[in-house]
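Coordinates as given in run08.pdb (PDB, C-alpha atoms, pLDDT in the B column):
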```
ATOM      1  CA  MET A  29      22.643  25.082  13.094  1.00 93.00           C
ATOM      2  CA  LYS A  30      22.458  22.827  10.085  1.00 93.00           C
ATOM      3  CA  ILE A  31      24.814  20.642   8.126  1.00 94.00           C
ATOM      4  CA  ALA A  32      24.799  21.065   4.349  1.00 95.00           C
ATOM      5  CA  ASP A  33      26.749  20.379   1.184  1.00 94.00           C
ATOM      6  CA  VAL A  34      27.504  23.305  -1.107  1.00 96.00           C
ATOM      7  CA  VAL A  35      26.270  22.315  -4.569  1.00 95.00           C
ATOM      8  CA  GLY A  36      26.042  25.538  -6.530  1.00 95.00           C
ATOM      9  CA  THR A  37      26.174  29.287  -6.784  1.00 96.00           C
ATOM     10  CA  VAL A  38      23.600  31.987  -7.462  1.00 96.00           C
ATOM     11  CA  VAL A  39      24.441  35.090  -9.478  1.00 95.00           C
ATOM     12  CA  SER A  40      22.200  38.049  -8.761  1.00 95.00           C
ATOM     13  CA  PRO A  41      23.229  41.499  -9.963  1.00 94.00           C
ATOM     14  CA  ILE A  42      19.852  43.016  -9.066  1.00 95.00           C
ATOM     15  CA  CYS A  43      19.159  42.484  -5.393  1.00 95.00           C
ATOM     16  CA  HIS A  44      18.314  44.053  -2.064  1.00 94.00           C
ATOM     17  CA  PRO A  45      21.185  46.385  -0.999  1.00 94.00           C
ATOM     18  CA  PHE A  46      22.131  43.985   1.795  1.00 94.00           C
ATOM     19  CA  PHE A  47      23.030  41.245  -0.678  1.00 95.00           C
ATOM     20  CA  GLU A  48      25.298  43.402  -2.833  1.00 94.00           C
ATOM     21  CA  GLU A  49      28.814  41.937  -2.894  1.00 93.00           C
ATOM     22  CA  LYS A  50      27.592  38.902  -0.923  1.00 95.00           C
ATOM     23  CA  ARG A  51      28.360  35.380  -2.054  1.00 95.00           C
ATOM     24  CA  LEU A  52      25.240  33.241  -2.385  1.00 96.00           C
ATOM     25  CA  LEU A  53      25.607  29.475  -2.374  1.00 97.00           C
ATOM     26  CA  ILE A  54      23.044  26.738  -2.932  1.00 96.00           C
ATOM     27  CA  CYS A  55      23.377  24.208  -0.123  1.00 96.00           C
ATOM     28  CA  ASP A  56      21.813  20.749   0.094  1.00 94.00           C
ATOM     29  CA  LEU A  57      20.756  20.042   3.656  1.00 95.00           C
ATOM     30  CA  VAL A  58      22.072  16.772   5.028  1.00 93.00           C
ATOM     31  CA  ASP A  59      21.752  14.887   8.287  1.00 87.00           C
ATOM     32  CA  PRO A  60      24.901  13.683  10.080  1.00 76.00           C
ATOM     33  CA  ASP A  61      24.680  10.325   8.286  1.00 77.00           C
ATOM     34  CA  GLY A  62      24.811  12.000   4.879  1.00 70.00           C
ATOM     35  CA  GLY A  63      21.144  11.614   3.956  1.00 79.00           C
ATOM     36  CA  GLY A  64      18.449  14.274   3.937  1.00 79.00           C
ATOM     37  CA  ASP A  65      16.781  16.439   1.371  1.00 79.00           C
ATOM     38  CA  GLY A  66      15.867  20.027   0.683  1.00 91.00           C
ATOM     39  CA  TYR A  67      18.135  22.949   0.034  1.00 95.00           C
ATOM     40  CA  MET A  68      18.620  26.555   0.983  1.00 96.00           C
ATOM     41  CA  ILE A  69      20.460  29.551  -0.386  1.00 97.00           C
ATOM     42  CA  ALA A  70      22.918  30.860   2.182  1.00 97.00           C
ATOM     43  CA  VAL A  71      25.358  33.764   2.355  1.00 97.00           C
ATOM     44  CA  ASP A  72      28.973  32.679   2.702  1.00 96.00           C
ATOM     45  CA  VAL A  73      31.324  34.411   5.149  1.00 95.00           C
ATOM     46  CA  VAL A  74      34.039  31.769   5.436  1.00 96.00           C
ATOM     47  CA  GLY A  75      35.069  31.222   1.821  1.00 95.00           C
ATOM     48  CA  ALA A  76      33.288  27.925   1.272  1.00 95.00           C
ATOM     49  CA  GLY A  77      33.159  26.443  -2.195  1.00 92.00           C
ATOM     50  CA  VAL A  78      31.178  23.938  -4.206  1.00 95.00           C
ATOM     51  CA  GLY A  79      31.709  20.391  -2.929  1.00 94.00           C
ATOM     52  CA  GLU A  80      32.415  21.350   0.660  1.00 95.00           C
ATOM     53  CA  ARG A  81      30.374  20.314   3.681  1.00 94.00           C
ATOM     54  CA  VAL A  82      29.451  23.350   5.728  1.00 96.00           C
ATOM     55  CA  LEU A  83      27.720  24.546   8.863  1.00 96.00           C
ATOM     56  CA  ILE A  84      24.779  26.895   8.323  1.00 96.00           C
ATOM     57  CA  CYS A  85      23.362  29.174  10.973  1.00 96.00           C
ATOM     58  CA  ASP A  86      19.673  29.563  10.131  1.00 95.00           C
ATOM     59  CA  GLU A  87      18.508  32.247  12.522  1.00 94.00           C
ATOM     60  CA  GLY A  88      17.946  35.918  11.781  1.00 93.00           C
ATOM     61  CA  THR A  89      19.361  37.688  14.829  1.00 94.00           C
ATOM     62  CA  SER A  90      22.521  35.574  14.838  1.00 95.00           C
ATOM     63  CA  ALA A  91      22.941  36.210  11.140  1.00 95.00           C
ATOM     64  CA  ARG A  92      22.624  39.962  11.554  1.00 95.00           C
ATOM     65  CA  GLN A  93      25.127  39.845  14.408  1.00 95.00           C
ATOM     66  CA  ILE A  94      27.665  38.229  12.084  1.00 95.00           C
ATOM     67  CA  PHE A  95      27.390  41.197   9.742  1.00 94.00           C
ATOM     68  CA  GLY A  96      27.296  43.715  12.592  1.00 94.00           C
ATOM     69  CA  ILE A  97      23.912  45.103  11.614  1.00 93.00           C
ATOM     70  CA  SER A  98      20.671  45.426  13.511  1.00 91.00           C
ATOM     71  CA  THR A  99      18.412  45.220  10.476  1.00 92.00           C
ATOM     72  CA  GLY A 100      18.642  43.261   7.271  1.00 93.00           C
ATOM     73  CA  PRO A 101      16.742  40.505   5.457  1.00 95.00           C
ATOM     74  CA  ILE A 102      19.288  37.814   6.240  1.00 95.00           C
ATOM     75  CA  ARG A 103      18.794  34.518   7.997  1.00 95.00           C
ATOM     76  CA  SER A 104      20.938  31.731   6.504  1.00 96.00           C
ATOM     77  CA  VAL A 105      24.690  32.156   6.783  1.00 97.00           C
ATOM     78  CA  ILE A 106      27.482  29.658   6.182  1.00 97.00           C
ATOM     79  CA  ILE A 107      29.552  30.000   9.333  1.00 96.00           C
ATOM     80  CA  GLY A 108      31.959  27.105   9.046  1.00 96.00           C
ATOM     81  CA  ILE A 109      33.509  24.470   6.819  1.00 96.00           C
ATOM     82  CA  ILE A 110      33.209  21.007   8.336  1.00 95.00           C
ATOM     83  CA  ASP A 111      36.354  18.888   8.410  1.00 94.00           C
ATOM     84  CA  GLU A 112      34.879  15.853  10.076  1.00 91.00           C
ATOM     85  CA  ILE A 113      31.764  14.642  11.843  1.00 88.00           C
ATOM     86  CA  ALA A 114      32.706  11.994  14.366  1.00 85.00           C
TER      87      ALA A 114
ATOM     88  CA  MET B   4      16.344  31.730   1.127  1.00 94.00           C
ATOM     89  CA  LEU B   5      14.845  29.747  -1.690  1.00 96.00           C
ATOM     90  CA  LEU B   6      14.482  30.048  -5.440  1.00 97.00           C
ATOM     91  CA  GLY B   7      11.117  31.023  -6.882  1.00 97.00           C
ATOM     92  CA  ARG B   8       9.469  31.904 -10.166  1.00 97.00           C
ATOM     93  CA  VAL B   9       7.132  34.898 -10.352  1.00 97.00           C
ATOM     94  CA  ILE B  10       3.898  33.621 -11.871  1.00 97.00           C
ATOM     95  CA  GLY B  11       1.531  36.506 -11.275  1.00 95.00           C
ATOM     96  CA  THR B  12       0.689  39.769  -9.613  1.00 96.00           C
ATOM     97  CA  VAL B  13      -1.710  40.593  -6.793  1.00 96.00           C
ATOM     98  CA  VAL B  14      -3.540  43.902  -6.639  1.00 94.00           C
ATOM     99  CA  ALA B  15      -4.964  44.966  -3.272  1.00 92.00           C
ATOM    100  CA  THR B  16      -6.263  48.489  -2.836  1.00 91.00           C
ATOM    101  CA  MET B  17      -7.093  48.118   0.835  1.00 91.00           C
ATOM    102  CA  LYS B  18      -3.920  47.191   2.674  1.00 90.00           C
ATOM    103  CA  SER B  19      -2.544  47.294   6.179  1.00 91.00           C
ATOM    104  CA  ASP B  20      -0.652  50.441   7.192  1.00 89.00           C
ATOM    105  CA  GLY B  21       2.896  50.567   5.879  1.00 89.00           C
ATOM    106  CA  LEU B  22       2.155  48.555   2.766  1.00 92.00           C
ATOM    107  CA  ASP B  23       1.268  51.451   0.478  1.00 91.00           C
ATOM    108  CA  GLY B  24       3.244  51.228  -2.735  1.00 90.00           C
ATOM    109  CA  VAL B  25       4.408  47.704  -2.028  1.00 93.00           C
ATOM    110  CA  LYS B  26       4.081  45.377  -4.989  1.00 94.00           C
ATOM    111  CA  PHE B  27       2.782  41.868  -4.323  1.00 95.00           C
ATOM    112  CA  LEU B  28       3.684  39.009  -6.624  1.00 96.00           C
ATOM    113  CA  VAL B  29       2.617  35.377  -6.753  1.00 97.00           C
ATOM    114  CA  VAL B  30       5.742  33.249  -6.427  1.00 97.00           C
ATOM    115  CA  GLN B  31       5.993  29.538  -7.166  1.00 97.00           C
ATOM    116  CA  PRO B  32       8.693  28.008  -4.917  1.00 97.00           C
ATOM    117  CA  LEU B  33      11.266  25.985  -6.871  1.00 96.00           C
ATOM    118  CA  ASP B  34      13.743  23.268  -6.043  1.00 94.00           C
ATOM    119  CA  LYS B  35      17.403  23.782  -6.928  1.00 92.00           C
ATOM    120  CA  HIS B  36      16.796  22.409 -10.432  1.00 93.00           C
ATOM    121  CA  GLN B  37      14.069  25.036 -10.878  1.00 94.00           C
ATOM    122  CA  ASN B  38      11.207  22.540 -10.813  1.00 95.00           C
ATOM    123  CA  ASP B  39       8.009  23.554  -9.015  1.00 96.00           C
ATOM    124  CA  GLN B  40       7.960  22.612  -5.350  1.00 95.00           C
ATOM    125  CA  GLY B  41       4.971  23.176  -3.096  1.00 94.00           C
ATOM    126  CA  GLN B  42       2.208  25.759  -3.144  1.00 97.00           C
ATOM    127  CA  PRO B  43       2.636  29.280  -4.544  1.00 97.00           C
ATOM    128  CA  VAL B  44       2.971  32.109  -2.049  1.00 97.00           C
ATOM    129  CA  VAL B  45       2.353  35.836  -2.276  1.00 97.00           C
ATOM    130  CA  ALA B  46       5.558  37.773  -1.716  1.00 96.00           C
ATOM    131  CA  ALA B  47       6.281  41.471  -1.423  1.00 96.00           C
ATOM    132  CA  ASP B  48       8.778  42.727  -3.993  1.00 95.00           C
ATOM    133  CA  ALA B  49      11.632  44.250  -1.980  1.00 94.00           C
ATOM    134  CA  VAL B  50      13.749  44.937  -5.075  1.00 94.00           C
ATOM    135  CA  ALA B  51      10.841  46.625  -6.901  1.00 92.00           C
ATOM    136  CA  MET B  52      12.075  45.202 -10.195  1.00 91.00           C
ATOM    137  CA  ALA B  53      10.670  41.677 -10.343  1.00 90.00           C
ATOM    138  CA  GLY B  54       7.936  40.753 -12.782  1.00 90.00           C
ATOM    139  CA  PRO B  55       6.067  37.720 -14.073  1.00 94.00           C
ATOM    140  CA  GLY B  56       8.305  34.983 -15.470  1.00 95.00           C
ATOM    141  CA  GLU B  57      11.339  36.107 -13.535  1.00 95.00           C
ATOM    142  CA  LEU B  58      13.566  33.761 -11.525  1.00 97.00           C
ATOM    143  CA  VAL B  59      14.056  35.220  -8.040  1.00 97.00           C
ATOM    144  CA  TYR B  60      15.138  34.313  -4.562  1.00 96.00           C
ATOM    145  CA  TYR B  61      13.060  35.203  -1.553  1.00 97.00           C
ATOM    146  CA  VAL B  62      13.190  35.253   2.224  1.00 96.00           C
ATOM    147  CA  ALA B  63      10.399  34.142   4.532  1.00 94.00           C
ATOM    148  CA  SER B  64       9.190  34.912   8.068  1.00 92.00           C
ATOM    149  CA  ARG B  65      10.559  37.855  10.052  1.00 92.00           C
ATOM    150  CA  GLU B  66      13.390  38.456   7.620  1.00 93.00           C
ATOM    151  CA  ALA B  67      10.837  39.269   4.930  1.00 94.00           C
ATOM    152  CA  ALA B  68       9.641  42.307   6.852  1.00 93.00           C
ATOM    153  CA  GLU B  69      13.287  43.291   7.398  1.00 93.00           C
ATOM    154  CA  ALA B  70      13.651  43.561   3.630  1.00 93.00           C
ATOM    155  CA  MET B  71      11.009  46.241   3.321  1.00 92.00           C
ATOM    156  CA  VAL B  72      11.680  49.989   3.526  1.00 90.00           C
ATOM    157  CA  GLU B  73       9.266  50.189   6.429  1.00 88.00           C
ATOM    158  CA  ARG B  74      10.317  47.339   8.683  1.00 82.00           C
ATOM    159  CA  PHE B  75       7.387  46.774  11.006  1.00 88.00           C
ATOM    160  CA  VAL B  76       4.968  45.594   8.362  1.00 91.00           C
ATOM    161  CA  PRO B  77       2.918  42.416   8.079  1.00 93.00           C
ATOM    162  CA  VAL B  78       4.917  40.731   5.323  1.00 94.00           C
ATOM    163  CA  ASP B  79       5.924  37.065   5.526  1.00 95.00           C
ATOM    164  CA  HIS B  80       7.606  36.517   2.156  1.00 96.00           C
ATOM    165  CA  ALA B  81       9.752  39.031   0.309  1.00 96.00           C
ATOM    166  CA  ILE B  82      11.676  38.853  -2.951  1.00 97.00           C
ATOM    167  CA  VAL B  83      15.207  40.082  -2.256  1.00 96.00           C
ATOM    168  CA  GLY B  84      16.958  39.411  -5.547  1.00 96.00           C
ATOM    169  CA  LEU B  85      16.609  38.566  -9.219  1.00 96.00           C
ATOM    170  CA  VAL B  86      18.594  35.531 -10.309  1.00 96.00           C
ATOM    171  CA  GLU B  87      20.728  35.911 -13.420  1.00 95.00           C
ATOM    172  CA  GLN B  88      22.362  32.516 -13.218  1.00 94.00           C
ATOM    173  CA  VAL B  89      22.258  29.366 -11.101  1.00 95.00           C
ATOM    174  CA  ALA B  90      25.373  27.219 -11.441  1.00 94.00           C
ATOM    175  CA  LEU B  91      24.970  23.716 -10.034  1.00 93.00           C
ATOM    176  CA  ALA B  92      27.744  21.186  -9.648  1.00 88.00           C
ATOM    177  CA  GLU B  93      27.111  17.616 -10.747  1.00 70.00           C
ATOM    178  CA  ASP B  94      24.712  16.138  -8.220  1.00 56.00           C
ATOM    179  CA  PRO B  95      26.686  13.568  -6.226  1.00 50.00           C
ATOM    180  CA  ARG B  96      23.495  11.791  -5.118  1.00 48.00           C
TER     181      ARG B  96
END
```
Once more with this new file: its structure as structure tokens, please.
Amino acid sequence: MKIADVVGTVVSPICHPFFEEKRLLICDLVDPDGGGDGYMIAVDVVGAGVGERVLICDEGTSARQIFGISTGPIRSVIIGIIDEIA
Amino acid sequence: MLLGRVIGTVVATMKSDGLDGVKFLVVQPLDKHQNDQGQPVVAADAVAMAGPGELVYYVASREAAEAMVERFVPVDHAIVGLVEQVALAEDPR
């Protein structure tokens, strides 16, 4: 799993059927010290918003399990909002 | 998933089984500010509506094949949505 900061949203009315009604967020990847670079677009299932630090599961089978499906083009899912990294 | 810009089309008459009717597009990967990042890739168009110039998001690896109608196909990048708007917060860094 990866740590990331939510920095933006993506609006996409025309998409693969799986992504209909899904919330897409742009997340900056960070290391535990707050550095890091790169980003990914992830589907939100926990109600995360811009400015929050989140936990991203970046694995296809786990992602599909979250949505209770056996097939679907999904890999990156926001599965938690981080309160604190000690 | 990452943002990309469609910069061209690829025509291939001879294709692997299961890829008939699949449209291939050249996609330039972008960073979150929509600046070019890295080498272009060829992606299958899983929404069948993307075209040159369009801002899209795409999936890579196994999930790309999952996006296709026929799932066991040799596809490693697939466009899964057209982007209407990207809203970025002020960059804290």
Could you write out as a VMD selection string the residues of chain B within 12 Å of chain A, counting all atoms listed in the file? chain B and resid 4 to 7 32 to 37 40 to 41 48 to 53 57 to 75 78 to 96
Residues matched by the PyMOL selection byres ((chain A and resi 62) around 12) as a ChimeraX atom specification: /A:31-33,56-61,63-65,81,112-113 /B:95-96
So for stretch 58-66 of chain A, what box centre and size do we get, axis-aligned, 8 Å extra on each of the six sides, every listed atom, Å to one decimal, as lines of an AutoDock Vina configuration file?
```
center_x = 20.4
center_y = 15.2
center_z = 5.4
size_x = 25.0
size_y = 25.7
size_z = 25.4
```
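With atom CA of B:Asp23 on one side and atom CA of A:Arg92 on the other, the separation reads 26.7 Å.
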Chain and number of each residue from the PyMOL selection byres ((chain A and resi 30) around 6), as a PyMOL selection string: chain A and resi 29+31+83-84
Could those selected residues go to a file with C-alpha atoms, as a CSV table (one decimal), in the coordinates of the input?
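Output (out-v9.csv):
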```
chain,number,residue,atom,x,y,z
A,29,MET,CA,22.6,25.1,13.1
A,31,ILE,CA,24.8,20.6,8.1
A,83,LEU,CA,27.7,24.5,8.9
A,84,ILE,CA,24.8,26.9,8.3
```
Keeping N, CA and C atoms (and nothing else), can you write stretch 40-84 of chain A of this structure as a PDB file, in the first residue's frame?
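This is the output file out.pdb:
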```pdb
ATOM      1  N   SER A  40     -14.954  12.922 -15.399  1.00  0.00           N
ATOM      2  CA  SER A  40     -14.924  12.124 -16.623  1.00  0.00           C
ATOM      3  C   SER A  40     -16.295  11.538 -16.920  1.00  0.00           C
ATOM      4  N   PRO A  41     -17.116  12.276 -17.658  1.00  0.00           N
ATOM      5  CA  PRO A  41     -18.454  11.755 -17.966  1.00  0.00           C
ATOM      6  C   PRO A  41     -18.433  10.580 -18.938  1.00  0.00           C
ATOM      7  N   ILE A  42     -17.416  10.530 -19.809  1.00  0.00           N
ATOM      8  CA  ILE A  42     -17.339   9.422 -20.763  1.00  0.00           C
ATOM      9  C   ILE A  42     -16.234   8.492 -20.288  1.00  0.00           C
ATOM     10  N   CYS A  43     -16.612   7.306 -19.854  1.00  0.00           N
ATOM     11  CA  CYS A  43     -15.614   6.406 -19.285  1.00  0.00           C
ATOM     12  C   CYS A  43     -16.065   4.961 -19.425  1.00  0.00           C
ATOM     13  N   HIS A  44     -15.154   4.063 -19.091  1.00  0.00           N
ATOM     14  CA  HIS A  44     -15.472   2.642 -19.027  1.00  0.00           C
ATOM     15  C   HIS A  44     -16.608   2.455 -18.015  1.00  0.00           C
ATOM     16  N   PRO A  45     -17.553   1.525 -18.289  1.00  0.00           N
ATOM     17  CA  PRO A  45     -18.714   1.362 -17.393  1.00  0.00           C
ATOM     18  C   PRO A  45     -18.323   1.189 -15.923  1.00  0.00           C
ATOM     19  N   PHE A  46     -17.182   0.586 -15.662  1.00  0.00           N
ATOM     20  CA  PHE A  46     -16.783   0.391 -14.264  1.00  0.00           C
ATOM     21  C   PHE A  46     -16.650   1.719 -13.526  1.00  0.00           C
ATOM     22  N   PHE A  47     -16.172   2.745 -14.219  1.00  0.00           N
ATOM     23  CA  PHE A  47     -15.859   4.006 -13.546  1.00  0.00           C
ATOM     24  C   PHE A  47     -17.051   4.953 -13.434  1.00  0.00           C
ATOM     25  N   GLU A  48     -18.212   4.526 -13.972  1.00  0.00           N
ATOM     26  CA  GLU A  48     -19.395   5.368 -13.834  1.00  0.00           C
ATOM     27  C   GLU A  48     -19.748   5.502 -12.366  1.00  0.00           C
ATOM     28  N   GLU A  49     -20.057   6.722 -11.940  1.00  0.00           N
ATOM     29  CA  GLU A  49     -20.428   7.009 -10.554  1.00  0.00           C
ATOM     30  C   GLU A  49     -19.269   6.832  -9.573  1.00  0.00           C
ATOM     31  N   LYS A  50     -18.062   6.616 -10.071  1.00  0.00           N
ATOM     32  CA  LYS A  50     -16.906   6.483  -9.173  1.00  0.00           C
ATOM     33  C   LYS A  50     -16.243   7.850  -9.020  1.00  0.00           C
ATOM     34  N   ARG A  51     -15.656   8.045  -7.847  1.00  0.00           N
ATOM     35  CA  ARG A  51     -14.981   9.306  -7.561  1.00  0.00           C
ATOM     36  C   ARG A  51     -13.498   9.131  -7.820  1.00  0.00           C
ATOM     37  N   LEU A  52     -12.969   9.917  -8.758  1.00  0.00           N
ATOM     38  CA  LEU A  52     -11.555   9.812  -9.117  1.00  0.00           C
ATOM     39  C   LEU A  52     -10.782  10.978  -8.505  1.00  0.00           C
ATOM     40  N   LEU A  53      -9.718  10.653  -7.791  1.00  0.00           N
ATOM     41  CA  LEU A  53      -8.922  11.689  -7.151  1.00  0.00           C
ATOM     42  C   LEU A  53      -7.471  11.607  -7.608  1.00  0.00           C
ATOM     43  N   ILE A  54      -6.858  12.760  -7.808  1.00  0.00           N
ATOM     44  CA  ILE A  54      -5.436  12.811  -8.129  1.00  0.00           C
ATOM     45  C   ILE A  54      -4.667  12.833  -6.808  1.00  0.00           C
ATOM     46  N   CYS A  55      -3.751  11.886  -6.662  1.00  0.00           N
ATOM     47  CA  CYS A  55      -3.031  11.733  -5.397  1.00  0.00           C
ATOM     48  C   CYS A  55      -1.533  11.819  -5.639  1.00  0.00           C
ATOM     49  N   ASP A  56      -0.873  12.704  -4.892  1.00  0.00           N
ATOM     50  CA  ASP A  56       0.588  12.800  -4.927  1.00  0.00           C
ATOM     51  C   ASP A  56       1.165  11.747  -4.003  1.00  0.00           C
ATOM     52  N   LEU A  57       2.030  10.901  -4.544  1.00  0.00           N
ATOM     53  CA  LEU A  57       2.639   9.869  -3.699  1.00  0.00           C
ATOM     54  C   LEU A  57       3.661  10.510  -2.775  1.00  0.00           C
ATOM     55  N   VAL A  58       3.681  10.078  -1.539  1.00  0.00           N
ATOM     56  CA  VAL A  58       4.656  10.604  -0.584  1.00  0.00           C
ATOM     57  C   VAL A  58       5.274   9.442   0.189  1.00  0.00           C
ATOM     58  N   ASP A  59       6.487   9.666   0.683  1.00  0.00           N
ATOM     59  CA  ASP A  59       7.078   8.674   1.581  1.00  0.00           C
ATOM     60  C   ASP A  59       6.712   9.092   3.013  1.00  0.00           C
ATOM     61  N   PRO A  60       6.967   8.216   3.993  1.00  0.00           N
ATOM     62  CA  PRO A  60       6.525   8.536   5.357  1.00  0.00           C
ATOM     63  C   PRO A  60       7.073   9.854   5.894  1.00  0.00           C
ATOM     64  N   ASP A  61       8.194  10.331   5.347  1.00  0.00           N
ATOM     65  CA  ASP A  61       8.760  11.589   5.831  1.00  0.00           C
ATOM     66  C   ASP A  61       8.124  12.808   5.159  1.00  0.00           C
ATOM     67  N   GLY A  62       7.253  12.580   4.193  1.00  0.00           N
ATOM     68  CA  GLY A  62       6.575  13.694   3.546  1.00  0.00           C
ATOM     69  C   GLY A  62       7.147  14.062   2.198  1.00  0.00           C
ATOM     70  N   GLY A  63       8.273  13.435   1.816  1.00  0.00           N
ATOM     71  CA  GLY A  63       8.859  13.726   0.508  1.00  0.00           C
ATOM     72  C   GLY A  63       8.229  12.855  -0.566  1.00  0.00           C
ATOM     73  N   GLY A  64       8.959  12.675  -1.672  1.00  0.00           N
ATOM     74  CA  GLY A  64       8.471  11.793  -2.726  1.00  0.00           C
ATOM     75  C   GLY A  64       7.913  12.553  -3.894  1.00  0.00           C
ATOM     76  N   ASP A  65       7.788  11.850  -5.015  1.00  0.00           N
ATOM     77  CA  ASP A  65       7.210  12.501  -6.183  1.00  0.00           C
ATOM     78  C   ASP A  65       6.385  11.502  -6.964  1.00  0.00           C
ATOM     79  N   GLY A  66       5.771  11.975  -8.012  1.00  0.00           N
ATOM     80  CA  GLY A  66       4.878  11.141  -8.809  1.00  0.00           C
ATOM     81  C   GLY A  66       3.448  11.242  -8.284  1.00  0.00           C
ATOM     82  N   TYR A  67       2.526  10.808  -9.118  1.00  0.00           N
ATOM     83  CA  TYR A  67       1.132  10.872  -8.716  1.00  0.00           C
ATOM     84  C   TYR A  67       0.410   9.673  -9.283  1.00  0.00           C
ATOM     85  N   MET A  68      -0.792   9.449  -8.846  1.00  0.00           N
ATOM     86  CA  MET A  68      -1.658   8.480  -9.507  1.00  0.00           C
ATOM     87  C   MET A  68      -3.107   8.922  -9.330  1.00  0.00           C
ATOM     88  N   ILE A  69      -3.948   8.425 -10.239  1.00  0.00           N
ATOM     89  CA  ILE A  69      -5.377   8.673 -10.115  1.00  0.00           C
ATOM     90  C   ILE A  69      -5.975   7.435  -9.460  1.00  0.00           C
ATOM     91  N   ALA A  70      -6.678   7.643  -8.350  1.00  0.00           N
ATOM     92  CA  ALA A  70      -7.224   6.510  -7.613  1.00  0.00           C
ATOM     93  C   ALA A  70      -8.717   6.699  -7.414  1.00  0.00           C
ATOM     94  N   VAL A  71      -9.422   5.572  -7.262  1.00  0.00           N
ATOM     95  CA  VAL A  71     -10.857   5.602  -6.988  1.00  0.00           C
ATOM     96  C   VAL A  71     -11.049   5.663  -5.473  1.00  0.00           C
ATOM     97  N   ASP A  72     -11.928   6.544  -5.040  1.00  0.00           N
ATOM     98  CA  ASP A  72     -12.137   6.742  -3.608  1.00  0.00           C
ATOM     99  C   ASP A  72     -13.334   5.929  -3.119  1.00  0.00           C
ATOM    100  N   VAL A  73     -13.132   5.170  -2.028  1.00  0.00           N
ATOM    101  CA  VAL A  73     -14.271   4.452  -1.433  1.00  0.00           C
ATOM    102  C   VAL A  73     -14.506   4.874   0.019  1.00  0.00           C
ATOM    103  N   VAL A  74     -13.712   5.799   0.519  1.00  0.00           N
ATOM    104  CA  VAL A  74     -13.842   6.156   1.935  1.00  0.00           C
ATOM    105  C   VAL A  74     -14.286   7.603   2.144  1.00  0.00           C
ATOM    106  N   GLY A  75     -14.512   8.335   1.077  1.00  0.00           N
ATOM    107  CA  GLY A  75     -14.939   9.722   1.223  1.00  0.00           C
ATOM    108  C   GLY A  75     -13.798  10.678   1.484  1.00  0.00           C
ATOM    109  N   ALA A  76     -12.650  10.412   0.909  1.00  0.00           N
ATOM    110  CA  ALA A  76     -11.500  11.302   1.090  1.00  0.00           C
ATOM    111  C   ALA A  76     -11.698  12.573   0.269  1.00  0.00           C
ATOM    112  N   GLY A  77     -11.037  13.632   0.707  1.00  0.00           N
ATOM    113  CA  GLY A  77     -11.151  14.894  -0.009  1.00  0.00           C
ATOM    114  C   GLY A  77      -9.795  15.511  -0.236  1.00  0.00           C
ATOM    115  N   VAL A  78      -9.794  16.579  -1.045  1.00  0.00           N
ATOM    116  CA  VAL A  78      -8.550  17.278  -1.348  1.00  0.00           C
ATOM    117  C   VAL A  78      -7.919  17.792  -0.058  1.00  0.00           C
ATOM    118  N   GLY A  79      -6.598  17.574   0.075  1.00  0.00           N
ATOM    119  CA  GLY A  79      -5.872  18.025   1.252  1.00  0.00           C
ATOM    120  C   GLY A  79      -5.639  16.927   2.267  1.00  0.00           C
ATOM    121  N   GLU A  80      -6.307  15.791   2.093  1.00  0.00           N
ATOM    122  CA  GLU A  80      -6.143  14.725   3.078  1.00  0.00           C
ATOM    123  C   GLU A  80      -5.032  13.757   2.687  1.00  0.00           C
ATOM    124  N   ARG A  81      -4.390  13.191   3.683  1.00  0.00           N
ATOM    125  CA  ARG A  81      -3.382  12.156   3.451  1.00  0.00           C
ATOM    126  C   ARG A  81      -4.079  10.795   3.513  1.00  0.00           C
ATOM    127  N   VAL A  82      -3.841   9.990   2.502  1.00  0.00           N
ATOM    128  CA  VAL A  82      -4.619   8.753   2.378  1.00  0.00           C
ATOM    129  C   VAL A  82      -3.718   7.537   2.159  1.00  0.00           C
ATOM    130  N   LEU A  83      -4.359   6.384   2.280  1.00  0.00           N
ATOM    131  CA  LEU A  83      -3.706   5.105   2.041  1.00  0.00           C
ATOM    132  C   LEU A  83      -4.280   4.542   0.743  1.00  0.00           C
ATOM    133  N   ILE A  84      -3.387   4.215  -0.194  1.00  0.00           N
ATOM    134  CA  ILE A  84      -3.838   3.697  -1.489  1.00  0.00           C
ATOM    135  C   ILE A  84      -3.409   2.246  -1.633  1.00  0.00           C
TER     136      ILE A  84
END
```
